[in-house]
Each structure stands twice: as structure tokens, then as C-alpha cells.
file entry27.pdb (PDB, C-alpha atoms, pLDDT in the B column)
ATOM      1  CA  SER C  10      41.533 -18.093   2.729  1.00 56.00           C
ATOM      2  CA  SER C  11      40.877 -18.954   6.329  1.00 60.00           C
ATOM      3  CA  TYR C  12      44.628 -19.443   6.907  1.00 59.00           C
ATOM      4  CA  PHE C  13      45.602 -15.942   8.020  1.00 64.00           C
ATOM      5  CA  SER C  14      48.745 -17.001   9.852  1.00 75.00           C
ATOM      6  CA  SER C  15      49.853 -19.802   7.550  1.00 82.00           C
ATOM      7  CA  ASP C  16      53.030 -19.567   5.483  1.00 84.00           C
ATOM      8  CA  GLU C  17      51.689 -22.198   3.086  1.00 87.00           C
ATOM      9  CA  TYR C  18      48.196 -20.811   2.362  1.00 90.00           C
ATOM     10  CA  GLY C  19      46.409 -17.498   1.995  1.00 89.00           C
ATOM     11  CA  ILE C  20      47.084 -14.049   0.636  1.00 91.00           C
ATOM     12  CA  LYS C  21      50.412 -12.298   1.214  1.00 93.00           C
ATOM     13  CA  TRP C  22      50.759  -8.523   0.837  1.00 94.00           C
ATOM     14  CA  ASN C  23      53.902  -6.930  -0.643  1.00 96.00           C
ATOM     15  CA  TYR C  24      53.720  -3.149  -0.749  1.00 97.00           C
ATOM     16  CA  CYS C  25      56.208  -1.658  -3.227  1.00 97.00           C
ATOM     17  CA  GLU C  26      57.268   1.591  -1.609  1.00 95.00           C
ATOM     18  CA  GLY C  27      58.353   4.323  -4.002  1.00 94.00           C
ATOM     19  CA  ALA C  28      57.152   2.509  -7.121  1.00 96.00           C
ATOM     20  CA  LEU C  29      55.746   4.550 -10.003  1.00 97.00           C
ATOM     21  CA  TYR C  30      53.433   3.728 -12.896  1.00 97.00           C
ATOM     22  CA  HIS C  31      54.431   5.258 -16.218  1.00 96.00           C
ATOM     23  CA  GLU C  32      53.406   4.386 -19.768  1.00 95.00           C
ATOM     24  CA  GLY C  33      51.909   1.053 -18.783  1.00 94.00           C
ATOM     25  CA  ILE C  34      54.747  -0.234 -16.628  1.00 97.00           C
ATOM     26  CA  ASN C  35      55.849  -0.228 -13.019  1.00 98.00           C
ATOM     27  CA  GLU C  36      59.563  -0.999 -12.909  1.00 98.00           C
ATOM     28  CA  VAL C  37      59.866  -1.363  -9.138  1.00 98.00           C
ATOM     29  CA  GLU C  38      57.010  -3.874  -8.975  1.00 98.00           C
ATOM     30  CA  ALA C  39      58.446  -5.781 -11.926  1.00 98.00           C
ATOM     31  CA  GLY C  40      61.808  -5.975 -10.165  1.00 98.00           C
ATOM     32  CA  LYS C  41      60.307  -7.177  -6.894  1.00 98.00           C
ATOM     33  CA  ILE C  42      58.186  -9.824  -8.626  1.00 98.00           C
ATOM     34  CA  THR C  43      61.244 -11.015 -10.557  1.00 98.00           C
ATOM     35  CA  GLU C  44      63.258 -11.300  -7.319  1.00 98.00           C
ATOM     36  CA  PHE C  45      60.387 -13.255  -5.760  1.00 98.00           C
ATOM     37  CA  LEU C  46      60.159 -15.577  -8.783  1.00 97.00           C
ATOM     38  CA  VAL C  47      63.917 -16.223  -8.839  1.00 97.00           C
ATOM     39  CA  ARG C  48      63.970 -16.962  -5.087  1.00 97.00           C
ATOM     40  CA  HIS C  49      60.991 -19.317  -5.440  1.00 96.00           C
ATOM     41  CA  VAL C  50      62.528 -21.287  -8.312  1.00 95.00           C
ATOM     42  CA  ILE C  51      65.859 -21.682  -6.522  1.00 95.00           C
ATOM     43  CA  LEU C  52      64.235 -22.781  -3.240  1.00 94.00           C
ATOM     44  CA  GLU C  53      61.878 -25.228  -4.957  1.00 93.00           C
ATOM     45  CA  SER C  54      64.668 -26.786  -7.018  1.00 90.00           C
ATOM     46  CA  VAL C  55      66.025 -28.655  -3.990  1.00 90.00           C
ATOM     47  CA  LYS C  56      62.694 -30.439  -3.485  1.00 89.00           C
ATOM     48  CA  GLN C  57      61.632 -33.644  -5.183  1.00 88.00           C
ATOM     49  CA  PRO C  58      59.793 -32.798  -8.450  1.00 83.00           C
ATOM     50  CA  GLU C  59      56.457 -34.081  -7.133  1.00 85.00           C
ATOM     51  CA  LYS C  60      56.708 -31.731  -4.116  1.00 89.00           C
ATOM     52  CA  GLN C  61      57.701 -28.604  -6.017  1.00 92.00           C
ATOM     53  CA  GLU C  62      55.174 -25.776  -5.987  1.00 94.00           C
ATOM     54  CA  SER C  63      54.289 -24.443  -9.417  1.00 94.00           C
ATOM     55  CA  ILE C  64      54.163 -20.669  -9.818  1.00 96.00           C
ATOM     56  CA  GLY C  65      52.495 -18.161 -12.079  1.00 96.00           C
ATOM     57  CA  VAL C  66      53.022 -14.431 -12.382  1.00 97.00           C
ATOM     58  CA  ILE C  67      50.134 -12.278 -13.575  1.00 97.00           C
ATOM     59  CA  ALA C  68      50.536  -8.643 -14.585  1.00 96.00           C
ATOM     60  CA  MET C  69      47.690  -6.245 -15.292  1.00 95.00           C
ATOM     61  CA  ASN C  70      48.734  -5.576 -18.886  1.00 95.00           C
ATOM     62  CA  ARG C  71      50.989  -6.846 -21.679  1.00 96.00           C
ATOM     63  CA  ARG C  72      53.647  -4.170 -21.191  1.00 97.00           C
ATOM     64  CA  GLN C  73      54.162  -5.119 -17.556  1.00 98.00           C
ATOM     65  CA  GLN C  74      54.134  -8.803 -18.484  1.00 98.00           C
ATOM     66  CA  SER C  75      56.839  -8.162 -21.098  1.00 98.00           C
ATOM     67  CA  LEU C  76      58.976  -6.232 -18.634  1.00 98.00           C
ATOM     68  CA  ILE C  77      58.755  -8.987 -15.996  1.00 98.00           C
ATOM     69  CA  ASN C  78      59.509 -11.618 -18.626  1.00 98.00           C
ATOM     70  CA  GLU C  79      62.528  -9.633 -19.859  1.00 98.00           C
ATOM     71  CA  LEU C  80      63.892  -9.183 -16.316  1.00 98.00           C
ATOM     72  CA  TYR C  81      63.406 -12.886 -15.603  1.00 97.00           C
ATOM     73  CA  GLU C  82      65.080 -13.980 -18.848  1.00 97.00           C
ATOM     74  CA  ASN C  83      68.035 -11.686 -18.048  1.00 98.00           C
ATOM     75  CA  GLU C  84      68.297 -13.274 -14.598  1.00 97.00           C
ATOM     76  CA  ILE C  85      68.416 -16.740 -16.154  1.00 96.00           C
ATOM     77  CA  LEU C  86      71.303 -15.635 -18.391  1.00 97.00           C
ATOM     78  CA  LYS C  87      73.376 -14.068 -15.626  1.00 97.00           C
ATOM     79  CA  ASN C  88      72.445 -16.224 -12.622  1.00 96.00           C
ATOM     80  CA  ASP C  89      73.985 -19.703 -12.906  1.00 96.00           C
ATOM     81  CA  GLU C  90      72.200 -20.891  -9.767  1.00 96.00           C
ATOM     82  CA  LEU C  91      68.828 -20.003 -11.312  1.00 95.00           C
ATOM     83  CA  ALA C  92      69.691 -21.590 -14.656  1.00 94.00           C
ATOM     84  CA  GLU C  93      70.681 -24.793 -12.863  1.00 93.00           C
ATOM     85  CA  ALA C  94      67.577 -24.699 -10.644  1.00 93.00           C
ATOM     86  CA  LEU C  95      65.300 -24.537 -13.677  1.00 91.00           C
ATOM     87  CA  LYS C  96      66.606 -27.932 -14.808  1.00 89.00           C
ATOM     88  CA  SER C  97      64.958 -29.555 -11.776  1.00 86.00           C
ATOM     89  CA  PHE C  98      61.447 -28.584 -12.841  1.00 81.00           C
ATOM     90  CA  SER C  99      59.866 -31.487 -14.649  1.00 70.00           C
ATOM     91  CA  HIS C 100      57.484 -29.395 -16.772  1.00 71.00           C
ATOM     92  CA  ALA C 101      58.067 -26.060 -18.458  1.00 67.00           C
ATOM     93  CA  ASP C 102      54.456 -25.199 -17.551  1.00 77.00           C
ATOM     94  CA  ASP C 103      55.313 -25.249 -13.838  1.00 88.00           C
ATOM     95  CA  ILE C 104      56.254 -21.560 -14.269  1.00 93.00           C
ATOM     96  CA  PHE C 105      54.445 -18.904 -16.294  1.00 95.00           C
ATOM     97  CA  ILE C 106      54.363 -15.128 -16.730  1.00 96.00           C
ATOM     98  CA  ARG C 107      51.081 -13.889 -18.188  1.00 95.00           C
ATOM     99  CA  ASN C 108      48.805 -10.883 -18.192  1.00 94.00           C
ATOM    100  CA  LEU C 109      45.228 -10.468 -17.051  1.00 91.00           C
ATOM    101  CA  GLU C 110      43.959 -10.903 -20.599  1.00 89.00           C
ATOM    102  CA  ASN C 111      45.383 -14.391 -21.135  1.00 89.00           C
ATOM    103  CA  VAL C 112      45.293 -16.206 -17.827  1.00 86.00           C
ATOM    104  CA  GLN C 113      41.768 -17.682 -17.942  1.00 81.00           C
ATOM    105  CA  GLY C 114      41.804 -21.341 -16.951  1.00 83.00           C
ATOM    106  CA  ASP C 115      45.421 -21.444 -15.754  1.00 88.00           C
ATOM    107  CA  GLU C 116      46.090 -22.406 -12.141  1.00 92.00           C
ATOM    108  CA  ARG C 117      49.316 -22.775 -10.184  1.00 94.00           C
ATOM    109  CA  ASP C 118      50.120 -23.505  -6.545  1.00 95.00           C
ATOM    110  CA  ILE C 119      51.486 -19.980  -6.118  1.00 96.00           C
ATOM    111  CA  ILE C 120      50.303 -16.893  -7.980  1.00 97.00           C
ATOM    112  CA  ALA C 121      52.135 -13.578  -7.789  1.00 98.00           C
ATOM    113  CA  ILE C 122      50.149 -10.562  -8.989  1.00 97.00           C
ATOM    114  CA  SER C 123      51.706  -7.332 -10.176  1.00 97.00           C
ATOM    115  CA  PHE C 124      48.872  -4.830  -9.802  1.00 96.00           C
ATOM    116  CA  THR C 125      51.055  -2.542 -11.938  1.00 96.00           C
ATOM    117  CA  TYR C 126      48.975   0.635 -11.472  1.00 96.00           C
ATOM    118  CA  GLY C 127      50.265   3.221  -9.034  1.00 96.00           C
ATOM    119  CA  PRO C 128      51.452   6.796  -8.568  1.00 96.00           C
ATOM    120  CA  ASP C 129      52.303   8.899 -11.597  1.00 95.00           C
ATOM    121  CA  PRO C 130      55.952  10.096 -11.644  1.00 96.00           C
ATOM    122  CA  ALA C 131      55.043  13.729 -12.343  1.00 95.00           C
ATOM    123  CA  SER C 132      52.125  14.248  -9.958  1.00 94.00           C
ATOM    124  CA  GLY C 133      52.530  11.464  -7.412  1.00 93.00           C
ATOM    125  CA  ARG C 134      48.803  10.746  -7.784  1.00 93.00           C
ATOM    126  CA  THR C 135      47.304   7.429  -8.715  1.00 94.00           C
ATOM    127  CA  TYR C 136      45.143   8.129 -11.733  1.00 93.00           C
ATOM    128  CA  GLN C 137      41.912   6.189 -11.824  1.00 92.00           C
ATOM    129  CA  ARG C 138      42.623   4.403 -15.098  1.00 89.00           C
ATOM    130  CA  PHE C 139      42.595   0.699 -14.448  1.00 92.00           C
ATOM    131  CA  GLY C 140      42.486  -0.714 -17.965  1.00 89.00           C
ATOM    132  CA  PRO C 141      40.187  -3.701 -18.439  1.00 89.00           C
ATOM    133  CA  ILE C 142      39.104  -3.645 -14.788  1.00 91.00           C
ATOM    134  CA  ALA C 143      37.284  -0.350 -15.391  1.00 90.00           C
ATOM    135  CA  ASN C 144      35.317  -1.769 -18.339  1.00 89.00           C
ATOM    136  CA  ASP C 145      32.010  -3.614 -18.215  1.00 87.00           C
ATOM    137  CA  GLY C 146      32.733  -7.044 -16.847  1.00 89.00           C
ATOM    138  CA  GLY C 147      36.038  -5.921 -15.315  1.00 89.00           C
ATOM    139  CA  TRP C 148      35.000  -7.515 -12.041  1.00 92.00           C
ATOM    140  CA  ARG C 149      34.927 -10.871 -13.829  1.00 91.00           C
ATOM    141  CA  ARG C 150      38.574 -10.438 -14.798  1.00 91.00           C
ATOM    142  CA  LEU C 151      39.434  -9.730 -11.170  1.00 91.00           C
ATOM    143  CA  ASN C 152      37.515 -12.844 -10.147  1.00 90.00           C
ATOM    144  CA  VAL C 153      39.587 -14.891 -12.589  1.00 89.00           C
ATOM    145  CA  LEU C 154      42.762 -13.249 -11.281  1.00 90.00           C
ATOM    146  CA  PHE C 155      41.972 -13.941  -7.625  1.00 92.00           C
ATOM    147  CA  THR C 156      41.066 -17.579  -8.197  1.00 91.00           C
ATOM    148  CA  ARG C 157      44.141 -18.833 -10.099  1.00 92.00           C
ATOM    149  CA  SER C 158      46.045 -19.917  -6.996  1.00 94.00           C
ATOM    150  CA  ARG C 159      45.720 -23.341  -5.378  1.00 93.00           C
ATOM    151  CA  LYS C 160      47.645 -22.402  -2.219  1.00 94.00           C
ATOM    152  CA  ARG C 161      48.979 -18.844  -1.986  1.00 94.00           C
ATOM    153  CA  LEU C 162      48.486 -15.524  -3.641  1.00 95.00           C
ATOM    154  CA  HIS C 163      51.294 -12.949  -3.363  1.00 96.00           C
ATOM    155  CA  VAL C 164      50.060  -9.440  -4.126  1.00 96.00           C
ATOM    156  CA  PHE C 165      52.654  -6.868  -5.231  1.00 98.00           C
ATOM    157  CA  SER C 166      51.247  -3.352  -5.361  1.00 97.00           C
ATOM    158  CA  SER C 167      52.430   0.231  -5.254  1.00 97.00           C
ATOM    159  CA  MET C 168      48.944   1.476  -4.428  1.00 96.00           C
ATOM    160  CA  LYS C 169      46.750   0.936  -1.409  1.00 95.00           C
ATOM    161  CA  SER C 170      42.981   0.918  -1.183  1.00 94.00           C
ATOM    162  CA  LYS C 171      42.977   4.603  -0.193  1.00 94.00           C
ATOM    163  CA  ASP C 172      44.552   5.401  -3.584  1.00 94.00           C
ATOM    164  CA  VAL C 173      41.546   3.979  -5.440  1.00 94.00           C
ATOM    165  CA  LYS C 174      38.557   6.300  -5.443  1.00 91.00           C
ATOM    166  CA  LEU C 175      35.212   4.675  -4.861  1.00 77.00           C
ATOM    167  CA  ALA C 176      33.608   4.203  -8.234  1.00 74.00           C
ATOM    168  CA  LYS C 177      30.283   3.065  -9.567  1.00 85.00           C
ATOM    169  CA  ILE C 178      32.165   0.619 -11.757  1.00 88.00           C
ATOM    170  CA  ARG C 179      32.002  -2.784 -10.104  1.00 91.00           C
ATOM    171  CA  GLY C 180      35.510  -3.828 -11.148  1.00 92.00           C
ATOM    172  CA  VAL C 181      37.107  -0.711  -9.645  1.00 93.00           C
ATOM    173  CA  SER C 182      35.116  -0.975  -6.407  1.00 92.00           C
ATOM    174  CA  ASN C 183      36.119  -4.662  -6.174  1.00 92.00           C
ATOM    175  CA  LEU C 184      39.763  -3.692  -6.707  1.00 93.00           C
ATOM    176  CA  LYS C 185      39.533  -1.144  -3.884  1.00 93.00           C
ATOM    177  CA  ALA C 186      37.898  -3.682  -1.564  1.00 92.00           C
ATOM    178  CA  TYR C 187      40.489  -6.339  -2.361  1.00 92.00           C
ATOM    179  CA  LEU C 188      43.383  -3.967  -1.679  1.00 93.00           C
ATOM    180  CA  LYS C 189      41.751  -3.026   1.624  1.00 91.00           C
ATOM    181  CA  TYR C 190      41.340  -6.688   2.562  1.00 88.00           C
TER
END
call {"tool": "encode", "arguments": {"input": "entry27.pdb", "output": "C-alpha cells"}}
result
Amino acid sequence: SSYFSSDEYGIKWNYCEGALYHEGINEVEAGKITEFLVRHVILESVKQPEKQESIGVIAMNRRQQSLINELYENEILKNDELAEALKSFSHADDIFIRNLENVQGDERDIIAISFTYGPDPASGRTYQRFGPIANDGGWRRLNVLFTRSRKRLHVFSSMKSKDVKLAKIRGVSNLKAYLKY
């Protein structure tokens, strides 16, 4: 986006300090994305339905998607303000939580990405296993991921570009470049 200083457009960076990646999930990132989603829904609920910004959350794998979905569902049950805010959205499709594998073709005004991968709890190192991104055609999945937003993309990550080693695999090198950007 050419809107570097705009609140309405562009890419927003959210570094998740102290987050760890273990057995396919990153709990800190999931929690921060859930907080962001809850805040967005509550703030948008006061707007007229035609002015509300739709939102999608995309995780890098199904386990992270499930964790975010579970945290969000728990928030709906315990947060009356959120439950009431959801009633103002005219379409259930205005909000989704998906993973990289099943987001093709879906667009929303706002997309929040949980990059999921990050430091290992035991070693503190970010292992260079990036699931489908490291496979042939992984760069295409990143392209899909980065083009789902109509207005803003909010990136939540517990790794920085320096944590991704330069690889000959196009998807991994694109991931590194995107994190650097």
C-alpha cells in the first residue's frame, strides 16, 4: 500500500514479544489476535451496518485457527458487550477465522494474520519449518494471504525477518522479505 501513515489503509505490524511456537500453536499470538478481533467487532458495532468493516483472521495452520476460534468463542460466551455487538452485523460472513489452506477467494476489509511460527520454548530458536510455505508453490499461498484485504492488513508475528534464514525456497525467501518490509 502507498498509505504508510494512514490508519485506514496499509499494513500494520504487531510484534508479539515473548511468544513461543510449540506443537503447531502460538498461544500469545492467538490471544493478541483474539483481543484485536473482539475490539474490532465492538468498535464496528456502533456504526451503521453499511459502514461496518468486515474482518477475517488467517492463521498459518489448522491448529492455530482452532485455538483462535476457541478463544473467540469463549470471549463471546463471557463478554456480554461482544455478544451484543455481534447482533449489529448484518451478515455472519462479515467475520471469519480461517487458515492458509482454506482462504482462497475470500476477501474482507480488514485481514489479521497470525504468522504462528516463532521461537521454540526449549531452545529459543526459530526452526526453519514453515509448513506449506516451504513446499513447492508456497509463495503462491503467501500471495493469496497477502491479497485478501481490501483496506488493511494487520500482521501478528513472534518472529522477525532476521529469524528466517535465507532459503532457496521461494516461499520462505518471500516470507523473510515480507517480514522485513
call {"tool": "resolve_selection", "arguments": {"input": "entry27.pdb", "expression": "the PyMOL selection byres ((chain C and resi 185) around 8)", "output": "list of chain:residue names"}}
result
C:Lys169, C:Ser170, C:Lys171, C:Val173, C:Lys174, C:Leu175, C:Val181, C:Ser182, C:Asn183, C:Leu184, C:Ala186, C:Tyr187, C:Leu188, C:Lys189
call {"tool": "residues_around", "arguments": {"input": "entry27.pdb", "residues": "Cys25 in chain C", "least_positions_apart": "3", "cutoff": "6 Å", "atoms": "only C-alpha atoms", "output": "count of residues only"}}
result
3
call {"tool": "atom_distance", "arguments": {"input": "entry27.pdb", "atom1": "CA of Asp145 in chain C", "atom2": "CA of Tyr190 in chain C"}}
result
23.0 Å
call {"tool": "resolve_selection", "arguments": {"input": "entry27.pdb", "expression": "the PyMOL selection byres ((chain C and resi 116-118) around 7)", "output": "PyMOL selection string"}}
result
chain C and resi 62-65+114-115+119-120+157-161
call {"tool": "atom_distance", "arguments": {"input": "entry27.pdb", "atom1": "CA of Gly27 in chain C", "atom2": "CA of Thr43 in chain C"}}
result
16.9 Å
call {"tool": "atom_distance", "arguments": {"input": "entry27.pdb", "atom1": "CA of Gln73 in chain C", "atom2": "CA of Glu36 in chain C"}}
result
8.2 Å
call {"tool": "axis_aligned_box", "arguments": {"input": "entry27.pdb", "around": "range 130-136 of chain C", "padding_each_side": "5 Å", "output": "lines of an AutoDock Vina configuration file"}}
result
center_x = 50.5
center_y = 10.8
center_z = -9.9
size_x = 20.8
size_y = 16.8
size_z = 14.9
call {"tool": "residues_around", "arguments": {"input": "entry27.pdb", "residues": "Ala143 in chain C", "least_positions_apart": "2", "cutoff": "7 Å", "atoms": "all atoms listed in the file", "output": "JSON, numbers by chain"}}
result
{"C": [139, 140, 141, 145, 147, 178, 180, 181]}
call {"tool": "closest_residue", "arguments": {"input": "entry27.pdb", "among": "C:Val55, C:Thr125, C:Asn108, C:Lys60", "to": "Lys96 in chain C", "atoms": "only C-alpha atoms"}}
result
C:Val55
call {"tool": "closest_residue", "arguments": {"input": "entry27.pdb", "among": "C:Arg107, C:Gly19, C:Gln61, C:Ile77", "to": "Leu95 in chain C", "atoms": "all atoms listed in the file"}}
result
C:Gln61
call {"tool": "closest_residue", "arguments": {"input": "entry27.pdb", "among": "C:Leu154, C:Ile122, C:Val50, C:Leu29", "to": "Tyr136 in chain C", "atoms": "all atoms listed in the file"}}
result
C:Leu29
call {"tool": "closest_residue", "arguments": {"input": "entry27.pdb", "among": "C:His31, C:Val112, C:Val153, C:Ala94", "to": "Lys56 in chain C", "atoms": "all atoms listed in the file"}}
result
C:Ala94
call {"tool": "closest_residue", "arguments": {"input": "entry27.pdb", "among": "C:Arg71, C:Arg134, C:Lys21, C:His163", "to": "Ile42 in chain C", "atoms": "all atoms listed in the file"}}
result
C:His163
call {"tool": "closest_residue", "arguments": {"input": "entry27.pdb", "among": "C:Gly40, C:Gly127, C:Gly33, C:Pro58", "to": "Asp172 in chain C", "atoms": "only C-alpha atoms"}}
result
C:Gly127
